[in-house]
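Peer 1: Sharing a structure, written as structure tokens. Questions coming.
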Amino acid sequence: MFSGECSHSFHFNCIVTYANLGNKDCPVCFAVWKNIPSNGPALNPTGGPRPPTSRYRPYVPPPPIYNRPSSYEPVLVFNDDDQLDILSSSFSSGNNSIVRSIDIKTHTEFPAVPRSSSQENFHMLVNLKSHVTDSDITCRPPIDLVTVLDVSGSMTGRKIELLKRAMGFVIENLGPSDRLSVVSFSSNARRLFPLLLMTNSGKRRALKAVKSLDADGGTNIAEGLKKGTKVIEDRAHKNPVCGIMLLSDGQDNEAKVINLKEISRLQIPVHTFGFGADHDSVMLHSIAVGSKGTFSFIETEGLIQDVFAQCIGGLLSVAVQDVQVHIQSLDTNLCLSQLKAGDYSTNLAGDKKTGSVDIGDMYADEERDFLVLVNIPVVADGNSNDQMKLVSVRCAYKNPFTKETVTTEAVEVKLRRPEMVANEDMVVSIEVDRQKNRLQAAEAMSNSRAAAERGDLPRARSILKCCRMKMADTVSMHARDKFSVGLASDLERVQFKMETPSMYAATGRAQLYAGMSSHARQRAAARGGSEREHDRDRTYQTHSMRIMVDKSRAHKK
């Protein structure tokens with residue numbers, strides 16, 4: 001079989017005959033092809049050469065019709081998605097009574113600083129938590145989901161069967177207002193079907209297409225992603241939430257470059273999954289970072305369904321969108337020196353009086369923490385009961401149903417400035433210390449990866465070890481804070497996977513990238529290992545994610 005760029009498939013011998021006659025377009029939709037199949041001279045039915053001017057067209061079975069317009073336009077424009085019918089409209093009706101909000105909490109590094117002292121890079125923590133008054137599934141915004149699946153020859157056997165089962169679980173758990181499209185790729189990429197509403201009939205069509213998948217050919221990740229993003233970009237109708245799930249178990253052997261700037265411009269989150277020991281974790285992690293998605297490492301084949309379940313558990317529970325945090329100095333002598341937010345974009349004004357953090361979408365009950373560093377000035381006058389106003393914090397976000405922008409009330413961060421501080425005022429906040437550890441761990445993983453890619457594994461292990469030793473002497477570790485203890489455990493696991501070049505290549509690199517993705521974005525991502533180890537990676541799992549993972553495990557029994 002031969003698949004053109006327009007996704008239509010033909011018998012190879014037929015299409016070669018057609019192409020050798022000088023035709024360069026699809027016989028079905030007339031889209032112009034860039035890659036023309038060729039395999040020798042074309043023959044007419046009598047065995048002699050057919051004149052190149054002939055418009056002989058081989059018989060081609062018509063493709064399935066999914067809301068295709070009556071006039072044939074090139075299917076390179078994927079605007080044949082299912083319409084969002086009355087059911088989709090009723091899905092969001094009556095939801096105005098459901099409150100979607102963000103709670104803001106703040107913590108200062110110390111509860112007090114003497115009036116006569118100045119302090120540079122004083123840390124403040126801003127904690128955000130999304131909140132939905134009703135978490136029932138009928139009250140969530142519907143999603144447009146595209147799964148881009150590797151069906152190359154290396155997926156033959158148990159892998160392709162597990163992938164089909166995992167996709168069956170995804171299809172089963174989408175609602176009638178959600179839409180799904182599947183793109184498969186090997187040496188080329190093809191769209192199995194357009195964005196279909198997951199009604200009973202839509203699910204039957206999707207399951208039939210997924211069950212027909214066969215593993216063969218090379219690995220063309222770039223073409224698969226290009227076609228998957230185009231399905232989202234060209235859609236004629238739009239659900240409130242969209243996302244792409246991209247899975248691959250191999251290296252891209254088509255030598256095509258992925259335009260990361262274009263991925264970032266499209267603002268479509270791509271959640272990537274590296275399957276097994278031979279996938280290209282560098283490419284998949286870059287795609288996830290560029291699109292504000294997550295990278296997961298599926299080391300154990302049997303976990304693919306659980307990891308998919310965790311991802312859709314989040315995507316199906318989006319509470320607020322386009323979250324932006326704004327910080328404003330409340331003292332003329334106080335400057336913002338730095339905003340530490342991991343992989344999230346930050347902006348600091350030239351006068352260092354205002355700053356912002358771009359968070360994006362947040363799932364229900366999901367939390368985000370980032371640090372604001374300020375320079376504390378000396379206070380010339382006042383009394384021991386005075387509180388200094390440091391900054392104000394407010395959030396702006398969109399309601400996914402109405403697309404209306406909501407702005408929260410500003411929360412003021414205050415600091416006591418007594419003449420002398422008591423001993424209890426010199427204790428570091430565990431909440432602040434915990435996030436300092438997280439950011440240091442993510443940075444150590446990034447630096448360790450750079451050393452490992454240079455071939456300097458001893459240096460890479462040393463960076464992780466030094467970070468663990470530094471964390472061991474922090475307040476949160478002394479208090480046996482569960483989060484900080486988990487961070488140290490993550491660093492130790494990755495360090496162990498760097499003992500030899502073969503161990504690093506097989507699992508260490510992918511674990512590093514998955515850890516960086518998870519801790520830098522504060523979102524759950526599989527980081528390799530067995531089912532038991534996967535349970536330990538529930539650090540950032542939301543309630544909806546846990547429910548979906550538990551449902552997946554019950555489904556497999």
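Simple scheme: letters A, B, ... for chains in structure tokens order, numbers from 1 for residues in each chain, numbers from 1 for ligands in the order shown.
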Taking the DSSP assignment computed from this structure's backbone, write out as a ChimeraX atom specification all residues of range 234-368 of chain A that belong to alpha helix (DSSP H).
Peer 2: /A:234,260-266,281-291,304-315
Peer 1: Leaving out Asp252 in chain A and any residue of its chain fewer than 6 positions from it, which residues lie within 6 Å of it when counting only C-alpha atoms, given as JSON, numbers by chain?
Peer 2: {"A": [219, 220, 221]}
Peer 1: Please produce a file of those selected residues containing all heavy atoms, as a PDB file, in the first residue's frame.
Peer 2:
ATOM      1  N   THR A 219      10.581   4.972  11.007  1.00  0.00           N
ATOM      2  CA  THR A 219      10.042   5.864  12.040  1.00  0.00           C
ATOM      3  C   THR A 219      10.174   7.306  11.579  1.00  0.00           C
ATOM      4  O   THR A 219      11.282   7.839  11.492  1.00  0.00           O
ATOM      5  CB  THR A 219      10.796   5.673  13.365  1.00  0.00           C
ATOM      6  OG1 THR A 219      10.751   4.301  13.745  1.00  0.00           O
ATOM      7  CG2 THR A 219      10.167   6.510  14.464  1.00  0.00           C
ATOM      8  N   ASN A 220       9.052   7.945  11.302  1.00  0.00           N
ATOM      9  CA  ASN A 220       9.037   9.330  10.834  1.00  0.00           C
ATOM     10  C   ASN A 220       8.223  10.172  11.821  1.00  0.00           C
ATOM     11  O   ASN A 220       7.064  10.497  11.575  1.00  0.00           O
ATOM     12  CB  ASN A 220       8.444   9.410   9.427  1.00  0.00           C
ATOM     13  CG  ASN A 220       8.710  10.742   8.749  1.00  0.00           C
ATOM     14  OD1 ASN A 220       8.972  11.747   9.421  1.00  0.00           O
ATOM     15  ND2 ASN A 220       8.651  10.762   7.435  1.00  0.00           N
ATOM     16  N   ILE A 221       8.856  10.475  12.953  1.00  0.00           N
ATOM     17  CA  ILE A 221       8.164  11.216  14.009  1.00  0.00           C
ATOM     18  C   ILE A 221       7.740  12.594  13.514  1.00  0.00           C
ATOM     19  O   ILE A 221       6.631  13.062  13.796  1.00  0.00           O
ATOM     20  CB  ILE A 221       9.066  11.345  15.252  1.00  0.00           C
ATOM     21  CG1 ILE A 221       9.409   9.963  15.817  1.00  0.00           C
ATOM     22  CG2 ILE A 221       8.399  12.194  16.320  1.00  0.00           C
ATOM     23  CD1 ILE A 221      10.420   9.989  16.950  1.00  0.00           C
TER      24      ILE A 221
END
Peer 1: Run DSSP on the backbone and tell me which residues of range 109-204 of chain A come out as strand (DSSP E or B); list them as a PDB file with N, CA and C atoms, in the first residue's frame.
Peer 2:
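What follows is the written file selection.pdb:
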ATOM      1  N   ALA A 112      10.156  37.276  59.921  1.00  0.00           N
ATOM      2  CA  ALA A 112      10.520  38.646  60.280  1.00  0.00           C
ATOM      3  C   ALA A 112      11.966  38.917  59.887  1.00  0.00           C
ATOM      4  N   GLN A 119      18.330  42.873  53.053  1.00  0.00           N
ATOM      5  CA  GLN A 119      18.571  41.481  52.647  1.00  0.00           C
ATOM      6  C   GLN A 119      18.317  41.338  51.160  1.00  0.00           C
ATOM      7  N   GLU A 120      19.287  40.796  50.461  1.00  0.00           N
ATOM      8  CA  GLU A 120      19.143  40.563  49.025  1.00  0.00           C
ATOM      9  C   GLU A 120      18.606  39.157  48.763  1.00  0.00           C
ATOM     10  N   ASN A 121      17.848  39.059  47.699  1.00  0.00           N
ATOM     11  CA  ASN A 121      17.288  37.771  47.269  1.00  0.00           C
ATOM     12  C   ASN A 121      16.506  37.064  48.386  1.00  0.00           C
ATOM     13  N   PHE A 122      15.678  37.835  49.049  1.00  0.00           N
ATOM     14  CA  PHE A 122      14.769  37.276  50.048  1.00  0.00           C
ATOM     15  C   PHE A 122      13.681  36.505  49.303  1.00  0.00           C
ATOM     16  N   HIS A 123      13.460  35.252  49.714  1.00  0.00           N
ATOM     17  CA  HIS A 123      12.543  34.378  48.980  1.00  0.00           C
ATOM     18  C   HIS A 123      11.109  34.476  49.508  1.00  0.00           C
ATOM     19  N   MET A 124      10.183  34.554  48.574  1.00  0.00           N
ATOM     20  CA  MET A 124       8.755  34.446  48.884  1.00  0.00           C
ATOM     21  C   MET A 124       8.158  33.371  47.987  1.00  0.00           C
ATOM     22  N   LEU A 125       7.269  32.589  48.526  1.00  0.00           N
ATOM     23  CA  LEU A 125       6.605  31.536  47.763  1.00  0.00           C
ATOM     24  C   LEU A 125       5.183  31.954  47.428  1.00  0.00           C
ATOM     25  N   VAL A 126       4.810  31.761  46.163  1.00  0.00           N
ATOM     26  CA  VAL A 126       3.427  31.955  45.727  1.00  0.00           C
ATOM     27  C   VAL A 126       2.882  30.584  45.330  1.00  0.00           C
ATOM     28  N   ASN A 127       1.796  30.187  45.982  1.00  0.00           N
ATOM     29  CA  ASN A 127       1.159  28.898  45.717  1.00  0.00           C
ATOM     30  C   ASN A 127      -0.212  29.138  45.094  1.00  0.00           C
ATOM     31  N   LEU A 128      -0.451  28.490  43.945  1.00  0.00           N
ATOM     32  CA  LEU A 128      -1.746  28.561  43.279  1.00  0.00           C
ATOM     33  C   LEU A 128      -2.397  27.185  43.298  1.00  0.00           C
ATOM     34  N   LYS A 129      -3.693  27.160  43.525  1.00  0.00           N
ATOM     35  CA  LYS A 129      -4.438  25.903  43.440  1.00  0.00           C
ATOM     36  C   LYS A 129      -5.761  26.168  42.735  1.00  0.00           C
ATOM     37  N   SER A 130      -5.988  25.423  41.640  1.00  0.00           N
ATOM     38  CA  SER A 130      -7.244  25.563  40.915  1.00  0.00           C
ATOM     39  C   SER A 130      -8.348  24.856  41.689  1.00  0.00           C
ATOM     40  N   HIS A 131      -9.539  25.391  41.580  1.00  0.00           N
ATOM     41  CA  HIS A 131     -10.650  24.861  42.374  1.00  0.00           C
ATOM     42  C   HIS A 131     -11.918  24.852  41.533  1.00  0.00           C
ATOM     43  N   VAL A 132     -12.628  23.725  41.543  1.00  0.00           N
ATOM     44  CA  VAL A 132     -13.914  23.591  40.863  1.00  0.00           C
ATOM     45  C   VAL A 132     -14.925  23.098  41.882  1.00  0.00           C
ATOM     46  N   ILE A 143     -13.119  17.980  25.044  1.00  0.00           N
ATOM     47  CA  ILE A 143     -11.775  18.077  24.496  1.00  0.00           C
ATOM     48  C   ILE A 143     -11.705  17.607  23.058  1.00  0.00           C
ATOM     49  N   ASP A 144     -10.810  18.203  22.297  1.00  0.00           N
ATOM     50  CA  ASP A 144     -10.410  17.687  20.988  1.00  0.00           C
ATOM     51  C   ASP A 144      -9.034  17.061  21.180  1.00  0.00           C
ATOM     52  N   LEU A 145      -8.956  15.748  21.031  1.00  0.00           N
ATOM     53  CA  LEU A 145      -7.721  15.004  21.288  1.00  0.00           C
ATOM     54  C   LEU A 145      -7.248  14.312  20.015  1.00  0.00           C
ATOM     55  N   VAL A 146      -5.956  14.466  19.721  1.00  0.00           N
ATOM     56  CA  VAL A 146      -5.331  13.750  18.603  1.00  0.00           C
ATOM     57  C   VAL A 146      -4.219  12.878  19.173  1.00  0.00           C
ATOM     58  N   THR A 147      -4.266  11.580  18.878  1.00  0.00           N
ATOM     59  CA  THR A 147      -3.186  10.690  19.288  1.00  0.00           C
ATOM     60  C   THR A 147      -2.344  10.367  18.059  1.00  0.00           C
ATOM     61  N   VAL A 148      -1.044  10.557  18.194  1.00  0.00           N
ATOM     62  CA  VAL A 148      -0.092  10.303  17.113  1.00  0.00           C
ATOM     63  C   VAL A 148       0.734   9.090  17.529  1.00  0.00           C
ATOM     64  N   LEU A 149       0.546   7.976  16.821  1.00  0.00           N
ATOM     65  CA  LEU A 149       1.042   6.682  17.270  1.00  0.00           C
ATOM     66  C   LEU A 149       2.088   6.099  16.335  1.00  0.00           C
ATOM     67  N   ASP A 150       3.164   5.633  16.910  1.00  0.00           N
ATOM     68  CA  ASP A 150       4.243   4.970  16.175  1.00  0.00           C
ATOM     69  C   ASP A 150       3.819   3.534  15.850  1.00  0.00           C
ATOM     70  N   ARG A 179     -13.995  14.819  21.118  1.00  0.00           N
ATOM     71  CA  ARG A 179     -13.695  14.363  19.763  1.00  0.00           C
ATOM     72  C   ARG A 179     -12.281  13.795  19.731  1.00  0.00           C
ATOM     73  N   LEU A 180     -12.098  12.770  18.919  1.00  0.00           N
ATOM     74  CA  LEU A 180     -10.812  12.083  18.810  1.00  0.00           C
ATOM     75  C   LEU A 180     -10.457  11.885  17.343  1.00  0.00           C
ATOM     76  N   SER A 181      -9.172  12.074  17.037  1.00  0.00           N
ATOM     77  CA  SER A 181      -8.620  11.698  15.740  1.00  0.00           C
ATOM     78  C   SER A 181      -7.331  10.932  16.001  1.00  0.00           C
ATOM     79  N   VAL A 182      -7.037   9.955  15.172  1.00  0.00           N
ATOM     80  CA  VAL A 182      -5.829   9.152  15.333  1.00  0.00           C
ATOM     81  C   VAL A 182      -4.967   9.280  14.086  1.00  0.00           C
ATOM     82  N   VAL A 183      -3.698   9.601  14.295  1.00  0.00           N
ATOM     83  CA  VAL A 183      -2.698   9.640  13.233  1.00  0.00           C
ATOM     84  C   VAL A 183      -1.683   8.551  13.531  1.00  0.00           C
ATOM     85  N   SER A 184      -1.403   7.694  12.577  1.00  0.00           N
ATOM     86  CA  SER A 184      -0.369   6.675  12.738  1.00  0.00           C
ATOM     87  C   SER A 184       0.801   7.019  11.831  1.00  0.00           C
ATOM     88  N   PHE A 185       1.989   6.648  12.261  1.00  0.00           N
ATOM     89  CA  PHE A 185       3.151   6.928  11.420  1.00  0.00           C
ATOM     90  C   PHE A 185       4.156   5.786  11.493  1.00  0.00           C
ATOM     91  N   ALA A 189       3.157   9.111   7.349  1.00  0.00           N
ATOM     92  CA  ALA A 189       2.101   9.308   8.343  1.00  0.00           C
ATOM     93  C   ALA A 189       0.758   9.373   7.654  1.00  0.00           C
ATOM     94  N   ARG A 190      -0.269   8.863   8.306  1.00  0.00           N
ATOM     95  CA  ARG A 190      -1.622   8.963   7.752  1.00  0.00           C
ATOM     96  C   ARG A 190      -2.623   9.154   8.869  1.00  0.00           C
ATOM     97  N   ARG A 191      -3.638   9.907   8.547  1.00  0.00           N
ATOM     98  CA  ARG A 191      -4.730  10.129   9.484  1.00  0.00           C
ATOM     99  C   ARG A 191      -5.742   9.015   9.300  1.00  0.00           C
ATOM    100  N   LEU A 192      -6.003   8.248  10.369  1.00  0.00           N
ATOM    101  CA  LEU A 192      -6.956   7.141  10.262  1.00  0.00           C
ATOM    102  C   LEU A 192      -8.382   7.640  10.108  1.00  0.00           C
ATOM    103  N   PHE A 193      -8.709   8.711  10.812  1.00  0.00           N
ATOM    104  CA  PHE A 193     -10.041   9.300  10.710  1.00  0.00           C
ATOM    105  C   PHE A 193      -9.984  10.715  11.275  1.00  0.00           C
ATOM    106  N   PRO A 194     -10.897  11.582  10.835  1.00  0.00           N
ATOM    107  CA  PRO A 194     -10.904  12.968  11.327  1.00  0.00           C
ATOM    108  C   PRO A 194     -11.386  13.030  12.770  1.00  0.00           C
ATOM    109  N   LEU A 195     -11.463  14.231  13.292  1.00  0.00           N
ATOM    110  CA  LEU A 195     -11.978  14.413  14.653  1.00  0.00           C
ATOM    111  C   LEU A 195     -13.437  13.979  14.701  1.00  0.00           C
ATOM    112  N   LEU A 196     -13.686  12.861  15.380  1.00  0.00           N
ATOM    113  CA  LEU A 196     -15.037  12.301  15.486  1.00  0.00           C
ATOM    114  C   LEU A 196     -15.564  12.480  16.900  1.00  0.00           C
ATOM    115  N   LEU A 197     -16.824  12.848  17.005  1.00  0.00           N
ATOM    116  CA  LEU A 197     -17.474  12.856  18.314  1.00  0.00           C
ATOM    117  C   LEU A 197     -17.504  11.432  18.858  1.00  0.00           C
TER     118      LEU A 197
END
Peer 1: Here is a test: counting only C-alpha atoms, which residue of A:Asp351, A:Asp280, A:Glu109, A:Asp25 is nearest to Ala510 in chain A?
Peer 2: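 Ranking A:Asp351, A:Asp280, A:Glu109, A:Asp25 by distance to Ala510 in chain A, first place goes to A:Asp280.
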Peer 1: Here is a test: counting only C-alpha atoms, which residue of A:Phe496, A:Phe308, A:Phe370, A:Tyr540 is nearest to Arg553 in chain A?
Peer 2: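 That would be A:Phe308, the residue with the smallest distance to Arg553 in chain A.
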Peer 1: If we count only C-alpha atoms, what is near Pro111 in chain A at a cut-off of 7 Å, once residues fewer than 3 positions away on the same chain are taken out, given as a list in words?
Peer 2: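 Contacts, in chain order: Thr108, Leu415, Arg416 and Asp425 of chain A.
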Peer 1: Using all heavy atoms, can you write the selected residues to a file as an mmCIF file, in the first residue's frame?
Peer 2:
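What follows is the written file result34.cif:
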data_model
loop_
_atom_site.group_PDB
_atom_site.id
_atom_site.type_symbol
_atom_site.label_atom_id
_atom_site.label_comp_id
_atom_site.auth_asym_id
_atom_site.auth_seq_id
_atom_site.Cartn_x
_atom_site.Cartn_y
_atom_site.Cartn_z
ATOM 1 N N THR A 108 6.600 33.643 53.309
ATOM 2 C CA THR A 108 7.900 34.313 53.261
ATOM 3 C C THR A 108 8.969 33.388 53.825
ATOM 4 O O THR A 108 8.685 32.527 54.658
ATOM 5 C CB THR A 108 7.882 35.618 54.068
ATOM 6 O OG1 THR A 108 7.469 35.346 55.418
ATOM 7 C CG2 THR A 108 6.929 36.634 53.439
ATOM 8 N N LEU A 415 5.541 41.438 55.764
ATOM 9 C CA LEU A 415 6.672 40.930 56.542
ATOM 10 C C LEU A 415 6.845 41.796 57.782
ATOM 11 O O LEU A 415 6.853 43.032 57.693
ATOM 12 C CB LEU A 415 7.959 40.986 55.697
ATOM 13 C CG LEU A 415 9.252 40.528 56.377
ATOM 14 C CD1 LEU A 415 9.220 39.015 56.600
ATOM 15 C CD2 LEU A 415 10.464 40.923 55.541
ATOM 16 N N ARG A 416 6.962 41.160 58.930
ATOM 17 C CA ARG A 416 7.203 41.910 60.175
ATOM 18 C C ARG A 416 8.619 42.465 60.190
ATOM 19 O O ARG A 416 9.564 41.775 59.811
ATOM 20 C CB ARG A 416 6.969 41.012 61.396
ATOM 21 C CG ARG A 416 5.500 40.674 61.631
ATOM 22 C CD ARG A 416 5.240 40.054 62.994
ATOM 23 N NE ARG A 416 5.913 38.764 63.146
ATOM 24 C CZ ARG A 416 6.962 38.555 63.939
ATOM 25 N NH1 ARG A 416 7.484 39.563 64.634
ATOM 26 N NH2 ARG A 416 7.504 37.357 64.027
ATOM 27 N N ASP A 425 11.720 33.534 64.899
ATOM 28 C CA ASP A 425 11.627 34.281 63.652
ATOM 29 C C ASP A 425 12.792 33.991 62.709
ATOM 30 O O ASP A 425 12.836 34.505 61.592
ATOM 31 C CB ASP A 425 11.591 35.782 63.943
ATOM 32 C CG ASP A 425 10.298 36.204 64.630
ATOM 33 O OD1 ASP A 425 9.288 35.518 64.422
ATOM 34 O OD2 ASP A 425 10.316 37.198 65.369
#
Peer 1: To one decimal in Å, tell me the separation between CA of Asn35 in chain A and CA of Thr17 in chain A.
Peer 2: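 Going from CA of Asn35 in chain A over to CA of Thr17 in chain A covers 14.8 Å.
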Peer 1: Quick one: of A:Val413, A:Cys26, A:Val427, A:Met471, who's nearest to Gln440 in chain A, counting only C-alpha atoms?
Peer 2: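 Closest to Gln440 in chain A of all the choices is A:Met471.
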Peer 1: Quick one: residues within 10 Å of Gly290 in chain A, only C-alpha atoms counted, chain neighbours fewer than 3 positions away excluded, as a PyMOL selection string?
Peer 2: chain A and resi 259-265+267-270+284-287+293-294+343
Peer 1: Save out the residues we just selected, C-alpha atoms, as a tab-separated table (two decimals), in the first residue's frame.
Peer 2:
chain	number	residue	atom	x	y	z
A	259	ASN	CA	10.28	23.10	13.84
A	260	LEU	CA	10.06	23.76	17.58
A	261	LYS	CA	9.25	27.45	17.05
A	262	GLU	CA	6.24	26.44	14.96
A	263	ILE	CA	5.08	24.05	17.69
A	264	SER	CA	5.35	26.83	20.25
A	265	ARG	CA	3.43	29.24	18.02
A	267	GLN	CA	0.04	26.64	21.38
A	268	ILE	CA	-1.11	23.03	21.22
A	269	PRO	CA	0.19	21.05	24.22
A	270	VAL	CA	1.91	17.89	23.02
A	284	LEU	CA	10.41	13.84	22.50
A	285	HIS	CA	11.44	15.99	25.47
A	286	SER	CA	12.15	18.95	23.15
A	287	ILE	CA	8.70	18.61	21.60
A	293	GLY	CA	3.40	19.50	27.39
A	294	THR	CA	5.04	16.74	29.43
A	343	ASP	CA	9.83	25.84	32.65
Peer 1: Quick one: residues within 12 Å of Gly350 in chain A, only C-alpha atoms counted, chain neighbours fewer than 5 positions away excluded, as a list of chain:residue names?
Peer 2: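 What passes the distance filter is A:Cys335, A:Leu336, A:Ser337, A:Gln338, A:Gly355.
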Peer 1: Could you save the residues just selected, with N, CA and C atoms, as an mmCIF file, in the first residue's frame?
Peer 2:
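The resulting file, out.cif, is reproduced below:
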data_model
loop_
_atom_site.group_PDB
_atom_site.id
_atom_site.type_symbol
_atom_site.label_atom_id
_atom_site.label_comp_id
_atom_site.auth_asym_id
_atom_site.auth_seq_id
_atom_site.Cartn_x
_atom_site.Cartn_y
_atom_site.Cartn_z
ATOM 1 N N CYS A 335 12.656 46.107 45.318
ATOM 2 C CA CYS A 335 12.758 45.667 43.925
ATOM 3 C C CYS A 335 12.624 44.152 43.826
ATOM 4 N N LEU A 336 12.014 43.715 42.746
ATOM 5 C CA LEU A 336 11.979 42.283 42.448
ATOM 6 C C LEU A 336 13.301 41.929 41.769
ATOM 7 N N SER A 337 14.013 40.958 42.299
ATOM 8 C CA SER A 337 15.303 40.607 41.711
ATOM 9 C C SER A 337 15.211 39.412 40.765
ATOM 10 N N GLN A 338 14.265 38.492 41.019
ATOM 11 C CA GLN A 338 14.183 37.299 40.157
ATOM 12 C C GLN A 338 12.859 36.581 40.375
ATOM 13 N N GLY A 355 6.248 42.082 37.726
ATOM 14 C CA GLY A 355 6.652 40.863 37.038
ATOM 15 C C GLY A 355 5.441 39.990 36.784
#
